[in-house]
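Listing of structure_3.pdb; format and content: PDB, N, CA and C atoms.
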```pdb
MODEL        1
ATOM      1  N   TYR B 459      94.012 143.171 144.995
ATOM      2  CA  TYR B 459      95.190 143.816 144.487
ATOM      3  C   TYR B 459      95.206 143.661 142.951
ATOM      4  N   PRO B 460      94.716 144.632 142.245
ATOM      5  CA  PRO B 460      94.499 144.511 140.803
ATOM      6  C   PRO B 460      95.775 144.581 139.964
ATOM      7  N   GLY B 461      95.628 144.078 138.736
ATOM      8  CA  GLY B 461      96.681 144.228 137.733
ATOM      9  C   GLY B 461      98.018 143.688 138.159
ATOM     10  N   ASP B 462      99.039 144.492 137.976
ATOM     11  CA  ASP B 462     100.400 144.050 138.278
ATOM     12  C   ASP B 462     100.848 144.434 139.682
ATOM     13  N   GLN B 463      99.892 144.702 140.570
ATOM     14  CA  GLN B 463     100.227 145.078 141.943
ATOM     15  C   GLN B 463     100.565 143.889 142.828
ATOM     16  N   SER B 464     100.272 142.677 142.350
ATOM     17  CA  SER B 464     100.580 141.498 143.157
ATOM     18  C   SER B 464     100.918 140.329 142.242
ATOM     19  N   LYS B 465     101.539 139.334 142.838
ATOM     20  CA  LYS B 465     101.935 138.128 142.111
ATOM     21  C   LYS B 465     101.557 136.931 142.964
ATOM     22  N   LEU B 466     100.780 136.010 142.386
ATOM     23  CA  LEU B 466     100.467 134.768 143.073
ATOM     24  C   LEU B 466     101.628 133.820 142.868
ATOM     25  N   LEU B 467     102.016 133.123 143.925
ATOM     26  CA  LEU B 467     103.112 132.179 143.764
ATOM     27  C   LEU B 467     102.882 130.927 144.570
ATOM     28  N   PHE B 468     103.362 129.855 144.007
ATOM     29  CA  PHE B 468     103.302 128.565 144.693
ATOM     30  C   PHE B 468     104.700 128.172 145.126
ATOM     31  N   GLY B 469     105.619 128.282 144.233
ATOM     32  CA  GLY B 469     107.030 128.104 144.558
ATOM     33  C   GLY B 469     107.653 129.486 144.508
ATOM     34  N   ASN B 470     108.937 129.557 144.378
ATOM     35  CA  ASN B 470     109.550 130.872 144.370
ATOM     36  C   ASN B 470     110.597 131.024 143.267
ATOM     37  N   THR B 471     110.963 129.954 142.608
ATOM     38  CA  THR B 471     112.061 129.995 141.646
ATOM     39  C   THR B 471     111.812 130.994 140.527
ATOM     40  N   ARG B 472     110.686 130.909 139.882
ATOM     41  CA  ARG B 472     110.406 131.789 138.742
ATOM     42  C   ARG B 472     110.377 133.255 139.167
ATOM     43  N   VAL B 473     109.784 133.547 140.297
ATOM     44  CA  VAL B 473     109.701 134.931 140.771
ATOM     45  C   VAL B 473     111.095 135.500 140.989
ATOM     46  N   GLN B 474     111.962 134.718 141.589
ATOM     47  CA  GLN B 474     113.318 135.207 141.833
ATOM     48  C   GLN B 474     114.078 135.417 140.530
ATOM     49  N   LEU B 475     113.877 134.535 139.555
ATOM     50  CA  LEU B 475     114.515 134.720 138.256
ATOM     51  C   LEU B 475     113.977 135.968 137.557
ATOM     52  N   GLN B 476     112.671 136.195 137.648
ATOM     53  CA  GLN B 476     112.086 137.387 137.035
ATOM     54  C   GLN B 476     112.619 138.648 137.692
ATOM     55  N   ARG B 477     112.768 138.627 139.000
ATOM     56  CA  ARG B 477     113.317 139.798 139.696
ATOM     57  C   ARG B 477     114.759 140.066 139.277
ATOM     58  N   LYS B 478     115.539 139.006 139.206
ATOM     59  CA  LYS B 478     116.962 139.169 138.914
ATOM     60  C   LYS B 478     117.236 139.524 137.455
ATOM     61  N   TYR B 479     116.618 138.815 136.525
ATOM     62  CA  TYR B 479     116.970 138.969 135.117
ATOM     63  C   TYR B 479     116.030 139.869 134.324
ATOM     64  N   GLU B 480     114.831 140.089 134.830
ATOM     65  CA  GLU B 480     113.871 140.915 134.099
ATOM     66  C   GLU B 480     113.526 142.201 134.848
ATOM     67  N   ASN B 481     114.168 142.412 135.991
ATOM     68  CA  ASN B 481     113.887 143.567 136.846
ATOM     69  C   ASN B 481     112.400 143.703 137.161
ATOM     70  N   ALA B 482     111.731 142.579 137.313
ATOM     71  CA  ALA B 482     110.311 142.582 137.655
ATOM     72  C   ALA B 482     110.160 142.853 139.147
ATOM     73  N   TYR B 483     109.122 143.554 139.482
ATOM     74  CA  TYR B 483     108.864 143.863 140.896
ATOM     75  C   TYR B 483     107.366 143.852 141.144
ATOM     76  N   TRP B 484     106.956 143.241 142.236
ATOM     77  CA  TRP B 484     105.573 143.251 142.676
ATOM     78  C   TRP B 484     105.546 143.710 144.124
ATOM     79  N   PRO B 485     104.700 144.689 144.443
ATOM     80  CA  PRO B 485     104.605 145.147 145.828
ATOM     81  C   PRO B 485     104.137 144.051 146.786
ATOM     82  N   ARG B 486     103.337 143.101 146.272
ATOM     83  CA  ARG B 486     102.805 142.035 147.115
ATOM     84  C   ARG B 486     103.032 140.686 146.450
ATOM     85  N   LEU B 487     103.550 139.754 147.213
ATOM     86  CA  LEU B 487     103.641 138.364 146.784
ATOM     87  C   LEU B 487     102.645 137.583 147.628
ATOM     88  N   ILE B 488     101.738 136.872 146.977
ATOM     89  CA  ILE B 488     100.680 136.147 147.679
ATOM     90  C   ILE B 488     100.903 134.652 147.482
ATOM     91  N   SER B 489     101.222 133.960 148.569
ATOM     92  CA  SER B 489     101.457 132.528 148.514
ATOM     93  C   SER B 489     100.121 131.784 148.483
ATOM     94  N   ILE B 490     100.018 130.826 147.569
ATOM     95  CA  ILE B 490      98.795 130.030 147.473
ATOM     96  C   ILE B 490      99.050 128.567 147.856
ATOM     97  N   THR B 491     100.136 128.313 148.551
ATOM     98  CA  THR B 491     100.504 126.933 148.894
ATOM     99  C   THR B 491      99.538 126.275 149.872
ATOM    100  N   GLN B 492      98.792 127.044 150.630
ATOM    101  CA  GLN B 492      97.895 126.466 151.621
ATOM    102  C   GLN B 492      96.473 126.228 151.105
ATOM    103  N   ILE B 493      96.229 126.449 149.831
ATOM    104  CA  ILE B 493      94.905 126.176 149.263
ATOM    105  C   ILE B 493      94.749 124.665 149.143
ATOM    106  N   LYS B 494      93.809 124.106 149.908
ATOM    107  CA  LYS B 494      93.725 122.648 150.017
ATOM    108  C   LYS B 494      93.412 121.963 148.693
ATOM    109  N   GLU B 495      92.667 122.604 147.810
ATOM    110  CA  GLU B 495      92.353 121.992 146.520
ATOM    111  C   GLU B 495      93.604 121.783 145.660
ATOM    112  N   LEU B 496      94.611 122.619 145.849
ATOM    113  CA  LEU B 496      95.860 122.461 145.100
ATOM    114  C   LEU B 496      96.691 121.294 145.619
ATOM    115  N   GLN B 497      96.377 120.827 146.818
ATOM    116  CA  GLN B 497      97.093 119.709 147.433
ATOM    117  C   GLN B 497      96.314 118.398 147.339
ATOM    118  N   GLN B 498      95.155 118.428 146.700
ATOM    119  CA  GLN B 498      94.265 117.279 146.635
ATOM    120  C   GLN B 498      94.895 116.101 145.901
ATOM    121  N   LEU B 499      94.722 114.930 146.473
ATOM    122  CA  LEU B 499      95.202 113.693 145.869
ATOM    123  C   LEU B 499      94.198 112.614 146.238
ATOM    124  N   GLN B 500      93.300 112.301 145.315
ATOM    125  CA  GLN B 500      92.247 111.325 145.585
ATOM    126  C   GLN B 500      92.016 110.475 144.344
ATOM    127  N   ARG B 501      91.388 109.355 144.559
ATOM    128  CA  ARG B 501      90.961 108.546 143.420
ATOM    129  C   ARG B 501      89.643 107.874 143.773
ATOM    130  N   ASN B 502      88.895 107.551 142.736
ATOM    131  CA  ASN B 502      87.731 106.701 142.881
ATOM    132  C   ASN B 502      87.795 105.677 141.758
ATOM    133  N   GLU B 503      86.730 104.946 141.528
ATOM    134  CA  GLU B 503      86.774 103.887 140.523
ATOM    135  C   GLU B 503      86.935 104.407 139.101
ATOM    136  N   GLN B 504      86.575 105.668 138.869
ATOM    137  CA  GLN B 504      86.616 106.198 137.514
ATOM    138  C   GLN B 504      87.657 107.286 137.276
ATOM    139  N   ALA B 505      88.239 107.858 138.334
ATOM    140  CA  ALA B 505      89.099 109.015 138.103
ATOM    141  C   ALA B 505      90.129 109.204 139.212
ATOM    142  N   PHE B 506      91.176 109.931 138.844
ATOM    143  CA  PHE B 506      92.171 110.422 139.794
ATOM    144  C   PHE B 506      91.972 111.927 139.899
ATOM    145  N   TYR B 507      92.146 112.469 141.082
ATOM    146  CA  TYR B 507      92.108 113.911 141.289
ATOM    147  C   TYR B 507      93.463 114.334 141.827
ATOM    148  N   LEU B 508      94.211 115.060 141.014
ATOM    149  CA  LEU B 508      95.556 115.479 141.379
ATOM    150  C   LEU B 508      95.618 116.995 141.356
ATOM    151  N   GLY B 509      95.808 117.598 142.511
ATOM    152  CA  GLY B 509      95.920 119.045 142.581
ATOM    153  C   GLY B 509      97.197 119.532 141.924
ATOM    154  N   ALA B 510      97.157 120.733 141.435
ATOM    155  CA  ALA B 510      98.302 121.317 140.730
ATOM    156  C   ALA B 510      99.516 121.489 141.636
ATOM    157  N   GLY B 511      99.322 121.485 142.942
ATOM    158  CA  GLY B 511     100.433 121.679 143.860
ATOM    159  C   GLY B 511     100.999 120.406 144.451
ATOM    160  N   VAL B 512     100.520 119.250 144.010
ATOM    161  CA  VAL B 512     101.017 117.985 144.525
ATOM    162  C   VAL B 512     102.446 117.775 144.030
ATOM    163  N   THR B 513     103.341 117.483 144.943
ATOM    164  CA  THR B 513     104.737 117.270 144.562
ATOM    165  C   THR B 513     104.914 115.896 143.910
ATOM    166  N   PHE B 514     105.949 115.787 143.129
ATOM    167  CA  PHE B 514     106.293 114.532 142.470
ATOM    168  C   PHE B 514     106.483 113.422 143.509
ATOM    169  N   THR B 515     107.179 113.726 144.581
ATOM    170  CA  THR B 515     107.455 112.745 145.634
ATOM    171  C   THR B 515     106.162 112.248 146.269
ATOM    172  N   ARG B 516     105.259 113.175 146.563
ATOM    173  CA  ARG B 516     103.984 112.800 147.169
ATOM    174  C   ARG B 516     103.125 111.977 146.216
ATOM    175  N   LEU B 517     103.113 112.360 144.944
ATOM    176  CA  LEU B 517     102.360 111.616 143.938
ATOM    177  C   LEU B 517     102.904 110.198 143.807
ATOM    178  N   LYS B 518     104.212 110.074 143.742
ATOM    179  CA  LYS B 518     104.818 108.754 143.593
ATOM    180  C   LYS B 518     104.491 107.857 144.786
ATOM    181  N   ALA B 519     104.572 108.403 145.988
ATOM    182  CA  ALA B 519     104.251 107.626 147.188
ATOM    183  C   ALA B 519     102.799 107.178 147.179
ATOM    184  N   LYS B 520     101.905 108.061 146.766
ATOM    185  CA  LYS B 520     100.485 107.717 146.746
ATOM    186  C   LYS B 520     100.191 106.677 145.668
ATOM    187  N   LEU B 521     100.836 106.789 144.506
ATOM    188  CA  LEU B 521     100.645 105.789 143.449
ATOM    189  C   LEU B 521     101.133 104.415 143.911
ATOM    190  N   MET B 522     102.228 104.383 144.659
ATOM    191  CA  MET B 522     102.729 103.116 145.195
ATOM    192  C   MET B 522     101.720 102.526 146.189
ATOM    193  N   GLU B 523     101.097 103.384 146.980
ATOM    194  CA  GLU B 523     100.081 102.939 147.937
ATOM    195  C   GLU B 523      98.845 102.402 147.208
ATOM    196  N   TRP B 524      98.442 103.075 146.153
ATOM    197  CA  TRP B 524      97.247 102.687 145.388
ATOM    198  C   TRP B 524      97.506 101.544 144.416
ATOM    199  N   ASN B 525      98.727 101.159 144.194
ATOM    200  CA  ASN B 525      99.089 100.192 143.165
ATOM    201  C   ASN B 525      98.643  98.781 143.563
ATOM    202  N   ASP B 526      97.400  98.443 143.243
ATOM    203  CA  ASP B 526      96.840  97.144 143.600
ATOM    204  C   ASP B 526      96.755  96.192 142.402
ATOM    205  N   ASN B 527      97.266  96.625 141.256
ATOM    206  CA  ASN B 527      97.224  95.801 140.051
ATOM    207  C   ASN B 527      98.533  96.011 139.288
ATOM    208  N   PRO B 528      99.336  94.961 139.122
ATOM    209  CA  PRO B 528     100.627  95.138 138.452
ATOM    210  C   PRO B 528     100.515  95.551 136.981
ATOM    211  N   HIS B 529      99.324  95.483 136.418
ATOM    212  CA  HIS B 529      99.108  95.892 135.033
ATOM    213  C   HIS B 529      98.129  97.061 134.951
ATOM    214  N   GLY B 530      97.911  97.728 136.067
ATOM    215  CA  GLY B 530      96.928  98.802 136.118
ATOM    216  C   GLY B 530      97.507 100.179 135.836
ATOM    217  N   PHE B 531      96.647 101.169 135.994
ATOM    218  CA  PHE B 531      96.979 102.553 135.682
ATOM    219  C   PHE B 531      98.074 103.101 136.599
ATOM    220  N   CYS B 532      97.986 102.792 137.893
ATOM    221  CA  CYS B 532      99.012 103.288 138.833
ATOM    222  C   CYS B 532     100.395 102.768 138.447
ATOM    223  N   GLN B 533     100.456 101.478 138.112
ATOM    224  CA  GLN B 533     101.738 100.898 137.724
ATOM    225  C   GLN B 533     102.257 101.530 136.437
ATOM    226  N   ALA B 534     101.368 101.806 135.503
ATOM    227  CA  ALA B 534     101.772 102.442 134.251
ATOM    228  C   ALA B 534     102.375 103.826 134.523
ATOM    229  N   LEU B 535     101.757 104.574 135.418
ATOM    230  CA  LEU B 535     102.307 105.902 135.771
ATOM    231  C   LEU B 535     103.642 105.760 136.491
ATOM    232  N   LEU B 536     103.731 104.810 137.402
ATOM    233  CA  LEU B 536     105.004 104.590 138.103
ATOM    234  C   LEU B 536     106.109 104.198 137.126
ATOM    235  N   ASP B 537     105.782 103.378 136.148
ATOM    236  CA  ASP B 537     106.773 102.988 135.139
ATOM    237  C   ASP B 537     107.260 104.192 134.358
ATOM    238  N   GLN B 538     106.390 105.158 134.114
ATOM    239  CA  GLN B 538     106.779 106.361 133.387
ATOM    240  C   GLN B 538     107.649 107.281 134.233
ATOM    241  N   MET B 539     107.472 107.225 135.531
ATOM    242  CA  MET B 539     108.249 108.075 136.425
ATOM    243  C   MET B 539     109.669 107.576 136.522
TER     244      MET B 539
ENDMDL
END
```

Can you present the structure in this file as structure tokens?
Amino acid sequence: YPGDQSKLLFGNTRVQLQRKYENAYWPRLISITQIKELQQLQRNEQAFYLGAGVTFTRLKAKLMEWNDNPHGFCQALLDQM
């Protein structure tokens, strides 16, 4: 669906605001919420992998699970949250 014939969406807030206040219209709305890479939440010894669709709540829960060092990276992120 080329050009402005479709809109990819993960949530819906922005699309509804665009429709209401900007009179934007797309014949097709394509949800990308089920793309597993966008939901990815993993870590290894050198890196964290956080998908763009990971919710704040899910990230916080996972950081609490991974928090094995009170002075480590997970704790630093939790402190910022």

Just asking: which residues within chain B are helix (DSSP H, G or I) according to DSSP, as a PyMOL selection string?
chain B and resi 461-463+471-480+494-497+514-524+531-538

What does the distance between CA of Leu466 in chain B and CA of Tyr507 in chain B come to in Å, to one decimal place?
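Going from CA of Leu466 in chain B over to CA of Tyr507 in chain B covers 22.5 Å.
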
Which of B:Glu523, B:Lys518, B:Gln474, B:Gln463 sits closest to Gln538 in chain B [using only C-alpha atoms]:
B:Lys518

Point-to-point distance in Å for CA of Lys465 in chain B and CA of Arg486 in chain B
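One can read the CA of Arg486 in chain B to CA of Lys465 in chain B distance as 6.4 Å.
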
Between CA of Leu508 in chain B and atom N of Glu495 in chain B, what is the distance in Å, rounded to a tenth?
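Atom-to-atom, CA of Leu508 in chain B and atom N of Glu495 in chain B are spaced 10.0 Å apart.
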
List as a VMD selection string the residues having at least one atom at most 5 Å from position (102.6, 128.9, 148.5) as given in the file, counting all atoms listed in the file.
chain B and resid 467 to 468 489 to 492

Restrict the selected residues to N, CA and C atoms and save them as a short mmCIF file (atom, residue, chain, number, x, y, z; two decimals), keeping the file's coordinate frame.
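Wrote it out as out-v8.cif, contents follow:
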```cif
data_model
loop_
_atom_site.label_atom_id
_atom_site.label_comp_id
_atom_site.auth_asym_id
_atom_site.auth_seq_id
_atom_site.Cartn_x
_atom_site.Cartn_y
_atom_site.Cartn_z
N LEU B 467 102.02 133.12 143.93
CA LEU B 467 103.11 132.18 143.76
C LEU B 467 102.88 130.93 144.57
N PHE B 468 103.36 129.85 144.01
CA PHE B 468 103.30 128.56 144.69
C PHE B 468 104.70 128.17 145.13
N SER B 489 101.22 133.96 148.57
CA SER B 489 101.46 132.53 148.51
C SER B 489 100.12 131.78 148.48
N ILE B 490 100.02 130.83 147.57
CA ILE B 490 98.80 130.03 147.47
C ILE B 490 99.05 128.57 147.86
N THR B 491 100.14 128.31 148.55
CA THR B 491 100.50 126.93 148.89
C THR B 491 99.54 126.28 149.87
N GLN B 492 98.79 127.04 150.63
CA GLN B 492 97.90 126.47 151.62
C GLN B 492 96.47 126.23 151.10
#
```

Can you sort out range 522-534 of chain B so it carries N, CA, C and O atoms, written as an mmCIF file, in the frame of the given file?
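Done, and the output landed in out-v7.cif:
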```cif
data_model
loop_
_atom_site.group_PDB
_atom_site.id
_atom_site.type_symbol
_atom_site.label_atom_id
_atom_site.label_comp_id
_atom_site.auth_asym_id
_atom_site.auth_seq_id
_atom_site.Cartn_x
_atom_site.Cartn_y
_atom_site.Cartn_z
ATOM 1 N N MET B 522 102.228 104.383 144.659
ATOM 2 C CA MET B 522 102.729 103.116 145.195
ATOM 3 C C MET B 522 101.720 102.526 146.189
ATOM 4 O O MET B 522 101.497 101.319 146.215
ATOM 5 N N GLU B 523 101.097 103.384 146.980
ATOM 6 C CA GLU B 523 100.081 102.939 147.937
ATOM 7 C C GLU B 523 98.845 102.402 147.208
ATOM 8 O O GLU B 523 98.253 101.410 147.628
ATOM 9 N N TRP B 524 98.442 103.075 146.153
ATOM 10 C CA TRP B 524 97.247 102.687 145.388
ATOM 11 C C TRP B 524 97.506 101.544 144.416
ATOM 12 O O TRP B 524 96.575 101.012 143.821
ATOM 13 N N ASN B 525 98.727 101.159 144.194
ATOM 14 C CA ASN B 525 99.089 100.192 143.165
ATOM 15 C C ASN B 525 98.643 98.781 143.563
ATOM 16 O O ASN B 525 99.411 97.995 144.103
ATOM 17 N N ASP B 526 97.400 98.443 143.243
ATOM 18 C CA ASP B 526 96.840 97.144 143.600
ATOM 19 C C ASP B 526 96.755 96.192 142.402
ATOM 20 O O ASP B 526 96.253 95.093 142.511
ATOM 21 N N ASN B 527 97.266 96.625 141.256
ATOM 22 C CA ASN B 527 97.224 95.801 140.051
ATOM 23 C C ASN B 527 98.533 96.011 139.288
ATOM 24 O O ASN B 527 98.814 97.119 138.835
ATOM 25 N N PRO B 528 99.336 94.961 139.122
ATOM 26 C CA PRO B 528 100.627 95.138 138.452
ATOM 27 C C PRO B 528 100.515 95.551 136.981
ATOM 28 O O PRO B 528 101.495 95.947 136.374
ATOM 29 N N HIS B 529 99.324 95.483 136.418
ATOM 30 C CA HIS B 529 99.108 95.892 135.033
ATOM 31 C C HIS B 529 98.129 97.061 134.951
ATOM 32 O O HIS B 529 97.593 97.351 133.885
ATOM 33 N N GLY B 530 97.911 97.728 136.067
ATOM 34 C CA GLY B 530 96.928 98.802 136.118
ATOM 35 C C GLY B 530 97.507 100.179 135.836
ATOM 36 O O GLY B 530 98.689 100.350 135.520
ATOM 37 N N PHE B 531 96.647 101.169 135.994
ATOM 38 C CA PHE B 531 96.979 102.553 135.682
ATOM 39 C C PHE B 531 98.074 103.101 136.599
ATOM 40 O O PHE B 531 98.989 103.784 136.139
ATOM 41 N N CYS B 532 97.986 102.792 137.893
ATOM 42 C CA CYS B 532 99.012 103.288 138.833
ATOM 43 C C CYS B 532 100.395 102.768 138.447
ATOM 44 O O CYS B 532 101.366 103.503 138.460
ATOM 45 N N GLN B 533 100.456 101.478 138.112
ATOM 46 C CA GLN B 533 101.738 100.898 137.724
ATOM 47 C C GLN B 533 102.257 101.530 136.437
ATOM 48 O O GLN B 533 103.443 101.795 136.300
ATOM 49 N N ALA B 534 101.368 101.806 135.503
ATOM 50 C CA ALA B 534 101.772 102.442 134.251
ATOM 51 C C ALA B 534 102.375 103.826 134.523
ATOM 52 O O ALA B 534 103.399 104.189 133.939
#
```
